[in-house]
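Structure below is protein.cif: mmCIF, C-alpha atoms and all ligand atoms.
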data_query
#
loop_
_atom_site.label_atom_id
_atom_site.label_comp_id
_atom_site.auth_asym_id
_atom_site.auth_seq_id
_atom_site.Cartn_x
_atom_site.Cartn_y
_atom_site.Cartn_z
CA MET A 30 0.00 0.00 0.00
CA ILE A 31 1.40 3.42 -0.86
CA ASP A 32 1.39 6.21 1.70
CA TYR A 33 -0.28 9.62 1.50
CA PRO A 34 2.82 11.65 0.50
CA GLU A 35 3.48 9.30 -2.40
CA TYR A 36 -0.14 9.35 -3.51
CA TYR A 37 -0.10 13.17 -3.33
CA GLU A 38 2.98 13.23 -5.55
CA ARG A 39 1.19 11.06 -8.12
CA CYS A 40 -1.82 13.38 -7.96
CA LYS A 41 0.35 16.43 -8.64
CA VAL A 42 2.04 14.72 -11.60
CA LYS A 43 -1.32 13.84 -13.15
CA TYR A 44 -2.92 17.22 -12.42
CA SER A 45 -0.09 19.20 -13.98
CA ALA A 46 -0.09 16.94 -17.04
CA ASP A 47 -3.88 16.97 -17.46
CA ASN A 48 -4.07 20.75 -17.08
CA LYS A 49 -0.88 21.40 -19.04
CA ILE A 50 0.70 23.44 -16.27
CA SER A 51 4.33 23.25 -15.27
CA ARG A 52 5.05 22.29 -11.71
CA ASP A 53 6.11 25.07 -9.36
CA ALA A 54 8.49 23.81 -6.66
CA SER A 55 8.13 26.86 -4.39
CA LYS A 56 4.34 26.64 -4.49
CA GLU A 57 4.47 22.90 -3.77
CA GLU A 58 6.88 23.32 -0.89
CA ALA A 59 4.66 26.05 0.62
CA PHE A 60 1.96 23.44 1.24
CA TYR A 61 3.92 22.13 4.24
CA ARG A 62 5.88 25.29 5.09
CA ASP A 63 2.86 27.55 5.31
CA PRO A 64 0.06 25.20 6.38
CA VAL A 65 -2.51 27.74 7.56
CA ARG A 66 -4.00 30.20 5.09
CA GLN A 67 -6.80 32.67 5.09
CA TYR A 68 -8.74 33.17 1.88
CA ASP A 69 -10.94 36.09 0.99
CA LEU A 70 -13.50 34.22 -1.08
CA SER A 71 -16.15 36.89 -0.57
CA SER A 72 -14.19 39.13 -2.92
CA ILE A 73 -14.14 36.36 -5.55
CA SER A 74 -17.83 35.63 -5.61
CA GLU A 75 -20.98 37.23 -4.30
CA SER A 76 -22.71 33.85 -4.44
CA TYR A 77 -20.25 32.60 -1.80
CA ASN A 78 -21.50 35.29 0.59
CA THR A 79 -25.11 34.56 -0.25
CA ALA A 80 -24.68 30.83 0.40
CA VAL A 81 -22.82 31.40 3.67
CA LYS A 82 -25.51 33.80 4.84
CA SER A 83 -28.32 31.43 3.98
CA LEU A 84 -26.53 28.49 5.61
CA ALA A 85 -25.79 30.56 8.71
CA GLN A 86 -29.45 31.42 9.22
CA LYS A 87 -30.57 27.80 8.88
CA VAL A 88 -27.81 26.45 11.10
CA LYS A 89 -28.48 29.04 13.78
CA TYR A 90 -32.17 28.11 13.77
CA ASP A 91 -31.39 24.40 14.19
CA LEU A 92 -28.81 24.95 16.91
CA ASP A 93 -31.01 27.41 18.78
CA ASN A 94 -33.95 24.98 18.65
CA ASP A 95 -32.08 21.72 19.07
CA ILE A 96 -33.14 20.36 15.68
CA ASP A 97 -30.90 17.57 14.25
CA VAL A 98 -28.39 18.50 16.94
CA LYS A 99 -26.52 16.44 19.51
CA ASP A 100 -24.97 18.40 22.35
CA ASP A 101 -22.20 16.65 24.26
CA GLY A 102 -21.76 19.71 26.49
CA ILE A 103 -18.56 20.58 24.64
CA MET A 104 -19.72 21.40 21.12
CA PRO A 105 -23.30 21.06 19.89
CA LYS A 106 -23.00 19.22 16.57
CA HIS A 107 -25.30 19.06 13.55
CA TYR A 108 -26.16 15.56 12.32
CA ASN A 109 -28.05 16.26 9.13
CA ILE A 110 -25.73 18.19 6.81
CA TRP A 111 -27.54 17.20 3.59
CA LYS A 112 -30.53 19.39 4.37
CA PHE A 113 -28.12 22.19 3.42
CA SER A 114 -26.98 20.59 0.16
CA SER A 115 -27.72 23.62 -1.99
CA GLU A 116 -25.52 25.91 0.15
CA ILE A 117 -22.88 23.19 0.48
CA ASP A 118 -22.68 22.82 -3.31
CA THR A 119 -22.30 26.54 -3.87
CA ILE A 120 -19.62 26.89 -1.21
CA CYS A 121 -17.66 23.81 -2.34
CA ASN A 122 -17.81 24.83 -6.00
CA ILE A 123 -16.01 28.06 -5.09
CA LEU A 124 -13.76 26.86 -2.29
CA VAL A 125 -12.43 23.55 -3.61
CA PRO A 126 -11.12 24.79 -7.00
CA LYS A 127 -9.37 27.59 -5.12
CA LEU A 128 -7.63 25.04 -2.88
CA GLU A 129 -6.74 22.90 -5.90
CA GLU A 130 -5.11 25.80 -7.73
CA ASP A 131 -3.53 27.70 -4.84
CA MET A 132 -2.64 25.21 -2.17
CA PHE A 133 -2.61 21.59 -3.35
CA LEU A 134 -1.94 21.76 -7.10
CA CYS A 135 -3.94 18.57 -7.59
CA ASN A 136 -7.53 17.31 -7.71
CA LEU A 137 -9.53 17.24 -4.49
CA TYR A 138 -12.80 15.97 -3.12
CA VAL A 139 -14.66 16.65 0.11
CA ASP A 140 -14.66 13.71 2.53
CA LYS A 141 -16.02 15.39 5.66
CA ILE A 142 -18.31 18.27 6.52
CA TYR A 143 -18.76 19.27 10.12
CA ILE A 144 -21.25 21.88 11.26
CA TYR A 145 -21.08 22.86 14.93
CA ARG A 146 -21.20 25.57 17.55
CA THR A 147 -18.56 26.25 20.18
CA SER A 148 -19.61 26.59 23.81
CA PRO A 149 -18.72 28.59 26.89
CA VAL A 150 -16.92 25.64 28.47
CA GLU A 151 -15.35 26.36 31.84
CA GLU A 152 -12.51 23.94 31.60
CA ARG A 153 -10.64 23.36 28.36
CA THR A 154 -11.01 19.82 27.00
CA SER A 155 -11.19 18.18 23.58
CA SER A 156 -10.66 20.70 20.74
CA TYR A 157 -10.24 23.56 23.21
CA ILE A 158 -6.80 22.14 24.07
CA TRP A 159 -3.78 22.64 21.76
CA HIS A 160 -3.76 19.67 19.42
CA TYR A 161 -3.36 18.47 15.86
CA ASP A 162 -5.85 16.17 14.21
CA ASN A 163 -3.32 13.47 13.32
CA ASN A 164 -4.59 12.44 9.93
CA PRO A 165 -2.00 12.46 7.11
CA ASN A 166 -0.71 15.97 6.32
CA GLU A 167 -2.37 15.81 2.91
CA VAL A 168 -5.79 16.30 4.53
CA VAL A 169 -6.85 19.93 4.84
CA LYS A 170 -9.72 21.46 6.75
CA THR A 171 -11.36 24.76 5.94
CA LEU A 172 -13.18 26.60 8.66
CA ILE A 173 -15.82 29.07 7.52
CA TYR A 174 -17.29 31.30 10.19
CA LEU A 175 -21.08 31.40 10.04
CA SER A 176 -21.20 34.11 12.69
CA ASP A 177 -19.03 37.20 13.25
CA VAL A 178 -15.91 36.59 15.31
CA LYS A 179 -15.02 40.10 16.37
CA ASP A 180 -12.76 39.52 19.34
CA ASP A 181 -11.65 37.07 22.00
CA ARG A 182 -15.16 36.76 23.37
CA ASN A 183 -16.46 35.13 20.16
CA SER A 184 -14.38 31.94 20.20
CA PRO A 185 -11.66 32.59 17.60
CA TYR A 186 -9.79 29.70 15.99
CA GLU A 187 -6.18 29.91 17.15
CA TYR A 188 -3.02 28.35 15.76
CA PHE A 189 0.55 28.03 16.86
CA VAL A 190 3.18 29.84 14.77
CA ASN A 191 6.95 29.71 14.37
CA PRO A 192 9.25 32.76 14.40
CA GLU A 193 8.51 33.25 10.68
CA GLY A 194 4.82 33.56 11.47
CA SER A 195 3.77 30.31 9.79
CA GLY A 196 1.71 27.51 11.29
CA ILE A 197 3.57 24.57 12.81
CA LEU A 198 2.81 20.94 11.98
CA GLY A 199 2.60 18.30 14.68
CA LYS A 200 4.16 14.97 13.77
CA SER A 201 1.47 12.71 12.39
CA THR A 202 1.48 9.05 13.38
CA ARG A 203 -0.79 8.31 10.44
CA THR A 204 0.87 8.84 7.09
CA GLY A 205 -0.55 5.76 5.41
CA GLY A 206 1.30 2.62 4.32
CA SER A 207 3.09 1.05 7.28
CA VAL A 208 2.78 4.12 9.53
CA TRP A 209 -0.59 4.05 11.20
CA TYR A 210 -0.82 4.09 14.97
CA VAL A 211 -2.51 5.91 17.81
CA PRO A 212 -0.52 9.01 18.86
CA ALA A 213 0.83 9.76 22.32
CA ASN A 214 -1.56 11.77 24.47
CA ASN A 215 -4.19 11.72 21.72
CA SER A 216 -2.11 14.37 19.85
CA ARG A 217 -2.79 16.94 22.58
CA VAL A 218 0.31 19.15 22.86
CA ASN A 219 -0.38 21.77 25.53
CA LYS A 220 2.90 21.07 27.30
CA GLU A 221 4.98 21.39 24.15
CA VAL A 222 3.28 24.65 23.17
CA ASP A 223 3.71 26.12 26.67
CA SER A 224 7.35 25.10 26.73
CA LEU A 225 8.19 26.66 23.34
CA MET A 226 6.23 29.80 24.15
CA SER A 227 8.15 30.29 27.38
CA GLN A 228 11.57 30.11 25.70
CA ASP A 229 11.42 33.56 24.11
CA LYS A 230 12.48 32.27 20.69
CA GLY A 231 9.76 33.93 18.70
CA TYR A 232 7.07 31.27 18.92
CA SER A 233 3.60 32.71 19.29
CA THR A 234 -0.02 32.15 18.35
CA LYS A 235 -2.41 33.74 15.90
CA LYS A 236 -6.15 34.05 16.22
CA VAL A 237 -8.49 34.31 13.27
CA PHE A 238 -11.00 37.14 13.60
CA GLY A 239 -13.43 38.30 10.99
CA PRO A 240 -17.03 38.67 9.89
CA GLN A 241 -19.35 35.87 8.84
CA GLY A 242 -17.78 34.15 5.82
CA THR A 243 -14.20 34.46 7.06
CA THR A 244 -12.42 31.41 5.63
CA CYS A 245 -9.30 29.74 6.99
CA SER A 246 -7.74 26.58 5.52
CA PHE A 247 -5.26 24.51 7.48
CA VAL A 248 -3.36 21.27 7.14
CA ASN A 249 -5.14 19.20 9.77
CA ASN A 250 -1.86 18.73 11.66
CA ALA A 251 -1.23 22.43 12.11
CA VAL A 252 -1.26 22.82 15.90
CA HIS A 253 -4.51 24.57 16.76
CA ARG A 254 -7.32 24.97 19.24
CA ALA A 255 -10.76 26.44 19.59
CA ASN A 256 -11.39 29.06 22.24
CA PRO A 257 -14.44 28.87 24.47
CA VAL A 258 -17.25 31.34 23.85
CA ILE A 259 -17.33 34.14 26.39
CA GLU A 260 -20.12 36.12 24.76
CA GLY A 261 -22.56 35.39 21.95
CA TYR A 262 -22.10 32.18 19.93
CA ARG A 263 -19.87 30.87 17.17
CA ASP A 264 -21.20 28.63 14.43
CA VAL A 265 -18.96 27.15 11.76
CA ILE A 266 -18.94 24.84 8.82
CA ASN A 267 -15.73 22.86 8.53
CA ILE A 268 -15.06 21.35 5.11
CA ARG A 269 -12.35 18.72 4.84
CA VAL A 270 -10.69 17.84 1.54
CA LYS A 271 -8.51 14.97 0.37
CA THR A 272 -6.35 14.45 -2.68
CA THR A 273 -7.61 12.37 -5.58
CA LEU A 274 -5.93 11.17 -8.75
CA GLU A 275 -9.16 11.20 -10.74
CA PRO A 276 -11.33 14.34 -10.70
CA VAL A 277 -14.56 13.78 -8.84
CA GLU A 278 -17.92 14.38 -10.53
CA LYS A 279 -19.21 16.42 -7.58
CA PHE A 280 -17.01 17.72 -4.75
CA ALA A 281 -19.35 16.90 -1.85
CA ASP A 282 -21.79 14.04 -2.11
CA PRO A 283 -23.34 11.60 0.37
CA ARG A 284 -21.62 8.80 -1.56
CA TRP A 285 -18.16 9.96 -0.36
CA THR A 286 -18.76 12.75 2.15
CA SER A 287 -19.87 12.21 5.73
CA GLY A 288 -20.32 14.25 8.89
CA PHE A 289 -20.08 13.58 12.61
CA GLU A 290 -21.88 10.25 12.31
CA THR A 291 -18.67 8.41 11.40
CA SER A 292 -15.04 8.48 12.59
CA GLY A 293 -12.80 11.39 11.61
CA VAL A 294 -9.87 9.10 10.81
CA VAL A 295 -9.31 8.82 7.06
CA ASP A 296 -8.87 5.55 5.18
CA ARG A 297 -5.37 4.18 5.64
CA ASN A 298 -5.12 3.56 1.92
CA PRO A 299 -5.03 6.90 0.02
CA GLU A 300 -6.02 5.14 -3.20
CA ASN A 301 -9.47 4.57 -1.71
CA ALA A 302 -10.45 8.11 -2.58
CA TRP A 303 -13.98 9.19 -3.42
CA ASN A 304 -15.02 5.77 -4.67
CA LYS A 305 -15.27 4.69 -1.05
CA LEU A 306 -17.18 6.19 1.87
CA VAL A 307 -15.04 5.80 4.99
FE FE A 401 -8.91 20.11 15.51
#

Here is a file; write its structure as C-alpha cells.
Ligand SMILES: [Fe+2]
Amino acid sequence: MIDYPEYYERCKVKYSADNKISRDASKEEAFYRDPVRQYDLSSISESYNTAVKSLAQKVKYDLDNDIDVKDDGIMPKHYNIWKFSSEIDTICNILVPKLEEDMFLCNLYVDKIYIYRTSPVEERTSSYIWHYDNNPNEVVKTLIYLSDVKDDRNSPYEYFVNPEGSGILGKSTRTGGSVWYVPANNSRVNKEVDSLMSQDKGYSTKKVFGPQGTTCSFVNNAVHRANPVIEGYRDVINIRVKTTLEPVEKFADPRWTSGFETSGVVDRNPENAWNKLV
C-alpha cells in the first residue's frame, strides 16, 4: 500500500499533465511550510456570501432549537448536513477549485463536513486544548465562520506559529502505508506549546478574527485549538478535503462525504479516494 505523501505526488504529476501546467516547486513546498491560510472568497464571488448567509441562518435556527443537533456539552454538533446541500454545493464549488489551484496543485474531493457551535466551556477539554488532528498531512480542513468573530469573546480559531509567522505541523502518526498508529496523548500538545512559548524564541499564536464568511484553511496537523465562547455564539462549517488522482464528478456528495456520524480518521489507503465512503 502506498502512503499519503506518495499518492499526493502522483496526484500532482497527473494534475499538472492533465491541465498542461508546469510544476512550481516553491508553491508545492509552501503546502507544508505555510500550512494555515486565510482566503478572501467573498471578494471572488458574491454567491459565496449569499450561500454562507443562507446556511448561517438555517444552522443558527437548528442549533437554537435543538433540531438535528446532539450536544455533548462541549460542542453542539449538527447531524443532518444534507438538508443544506444547496448551500454546500455553492460553497464547495467556489472553495475547492481555489484550494486545488492555490494550495494543493492537484484534484480534491470533500470527505467530511462538520457543522457545529462552540460553547462557553469552563474547563478546556477536547478541541479547546492545543492539538493536531493526526490524519495524514495531505488532509486539509477549511473553517468558515457562520457568525461574526469580532474579538476574543467570540471563540476565535487559534493556531501556533513559528518565528517566521507560519503555522507549525505536529508529527502525524498516520501517514498511510506502514505508519498508522494511535498518537501519544491523543495528539494533545499543551505542554509542548507552553514550553516553546516560554523560551522567548519567537514562537507565538495567531487568532483568526473576521465577519461571517471568514475562511481559513489549514493542514489538519497544524497545531490549533478552539477558544471557548465568552459572549454570543460561534457557528462554523468545517469542510475537509482529500487528494484524488481522478477528478470527482461532484465535490461533496453523500456517496463519499460524511459528517459527525462516522469516525474522523481517514482511510489508511489513500487510493481509496472518493469511490469509497469511509
Ligand atoms: Fe482540531

Counting only C-alpha atoms and all ligand atoms, which residues of chain A sit at most 8 Å from some atom of ligand FE 401 (chain A), and what is each one's closest atom pair with its distance in Å to one decimal, listed by chain and rising residue number, as JSON lines?
{"residue": "A:Ser156", "atom": "CA", "partner": "A:FE401", "partner_atom": "FE", "distance": 5.5}
{"residue": "A:His160", "atom": "CA", "partner": "A:FE401", "partner_atom": "FE", "distance": 6.5}
{"residue": "A:Tyr161", "atom": "CA", "partner": "A:FE401", "partner_atom": "FE", "distance": 5.8}
{"residue": "A:Asp162", "atom": "CA", "partner": "A:FE401", "partner_atom": "FE", "distance": 5.2}
{"residue": "A:Asn249", "atom": "CA", "partner": "A:FE401", "partner_atom": "FE", "distance": 6.9}
{"residue": "A:His253", "atom": "CA", "partner": "A:FE401", "partner_atom": "FE", "distance": 6.4}
{"residue": "A:Arg254", "atom": "CA", "partner": "A:FE401", "partner_atom": "FE", "distance": 6.3}
{"residue": "A:Ala255", "atom": "CA", "partner": "A:FE401", "partner_atom": "FE", "distance": 7.8}

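Comparing A:Val98, A:Ala59, A:Leu134, A:Cys121 by their smallest distance to A:Phe289, the closest is A:Val98 (using all atoms listed in the file).
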
Residues of stretch 160-190 of chain A within 12 Å of stretch 205-221 of chain A: nearest atom pair and distance (Å, one decimal) for each, counting only C-alpha atoms, sorted by chain and number, as a tab-separated table?
residue	atom	partner	partner_atom	distance
A:His160	CA	A:Arg217	CA	4.3
A:Tyr161	CA	A:Ser216	CA	5.9
A:Asp162	CA	A:Ser216	CA	7.0
A:Asn163	CA	A:Ser216	CA	6.7
A:Asn164	CA	A:Gly205	CA	9.0
A:Pro165	CA	A:Gly205	CA	7.1
A:Asn166	CA	A:Gly205	CA	10.3
A:Glu167	CA	A:Gly205	CA	10.5
A:Val168	CA	A:Gly205	CA	11.8
A:Phe189	CA	A:Val218	CA	10.7

Contact check, stretch 107-212 of chain A to stretch 61-85 of chain A, at most 7 Å, counting only C-alpha atoms, closest pairs as JSON lines:
{"residue": "A:Phe113", "atom": "CA", "partner": "A:Leu84", "partner_atom": "CA", "distance": 6.9}
{"residue": "A:Glu116", "atom": "CA", "partner": "A:Ala80", "partner_atom": "CA", "distance": 5.0}
{"residue": "A:Thr119", "atom": "CA", "partner": "A:Ala80", "partner_atom": "CA", "distance": 6.5}
{"residue": "A:Ile120", "atom": "CA", "partner": "A:Tyr77", "partner_atom": "CA", "distance": 5.8}
{"residue": "A:Leu175", "atom": "CA", "partner": "A:Ala85", "partner_atom": "CA", "distance": 5.0}
{"residue": "A:Ser195", "atom": "CA", "partner": "A:Asp63", "partner_atom": "CA", "distance": 5.3}
{"residue": "A:Gly196", "atom": "CA", "partner": "A:Val65", "partner_atom": "CA", "distance": 5.6}

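Distances from A:Gln241, A:Thr204, A:Ser51, A:Asn94 to A:Val295 were compared using only C-alpha atoms, and the smallest one belongs to A:Thr204.
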
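Interatomic distance, atom CA of A:Asn136 against atom CA of A:Glu275: 7.0 Å.
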
Inset, instruction - Would you work out the distance separating atom CA of A:Ile31 from atom CA of A:Tyr44, expressed in Å to one decimal? - result: 18.5 Å

Legend entry - Between atom CA of A:Asn191 and atom CA of A:Val169 - distance in Å to one decimal: 19.4 Å

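The shell of residues at most 7 Å from A:Arg263, with only C-alpha atoms counted and near chain neighbours (fewer than 5 positions) removed, consists of Arg146, Thr147, Ser176, Asn183 and Ser184 of chain A.
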
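The closest residue to A:Trp285, picked from A:Thr273, A:Thr234, A:Asn304, A:Asn267 and counting all atoms listed in the file, is A:Asn304.
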
Legend entry - For A:Arg153, the nearest of the candidates A:Leu172, A:Val178, A:Met104, A:Cys135, counting all atoms listed in the file: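 Comparing A:Leu172, A:Val178, A:Met104, A:Cys135 against A:Arg153, the winner is A:Met104.
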
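Here the question is which of A:Ser287, A:Ser115, A:Ser148, A:Asn298 gets nearest to A:Pro34 using all atoms listed in the file, and that residue is A:Asn298.
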
What would the list of residues within 7 Å of (-26.1, 17.8, 14.1) (file frame) look like as a short mmCIF file (atom, residue, chain, number, x, y, z; two decimals) with C-alpha atoms, keeping the file's coordinate frame, if only C-alpha atoms are what count?
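Output saved as point-v8.cif:
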data_model
loop_
_atom_site.label_atom_id
_atom_site.label_comp_id
_atom_site.auth_asym_id
_atom_site.auth_seq_id
_atom_site.Cartn_x
_atom_site.Cartn_y
_atom_site.Cartn_z
CA ASP A 97 -30.90 17.57 14.25
CA VAL A 98 -28.39 18.50 16.94
CA LYS A 99 -26.52 16.44 19.51
CA LYS A 106 -23.00 19.22 16.57
CA HIS A 107 -25.30 19.06 13.55
CA TYR A 108 -26.16 15.56 12.32
CA ASN A 109 -28.05 16.26 9.13
CA ILE A 144 -21.25 21.88 11.26
#

Legend entry - Contact residues around A:Arg182 with all atoms listed in the file at 12 Å, ignoring same-chain residues under 6 positions, as an NGL selection string: :A and (147-149 or 236 or 238 or 255-263)

Legend entry - Counting only C-alpha atoms, the option among A:Pro299, A:Pro283, A:Tyr145, A:Lys112 closest to A:Lys89: A:Tyr145

Inset, instruction - Would you be able to write out as a list in words which residues have an atom within 10 Å of (-16.6, 23.7, 5.6) in the file's coordinates, counting all atoms listed in the file? - result: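 Using all atoms listed in the file, the matching residues come out as Ile117, Ile120, Cys121, Leu124, Val139, Lys141, Ile142, Tyr143, Ile144, Lys170, Thr171, Leu172, Ile173, Tyr174, Leu175, Thr244, Cys245, Ser246, Val265, Ile266, Asn267, Ile268, Arg269 and Val270 of chain A.
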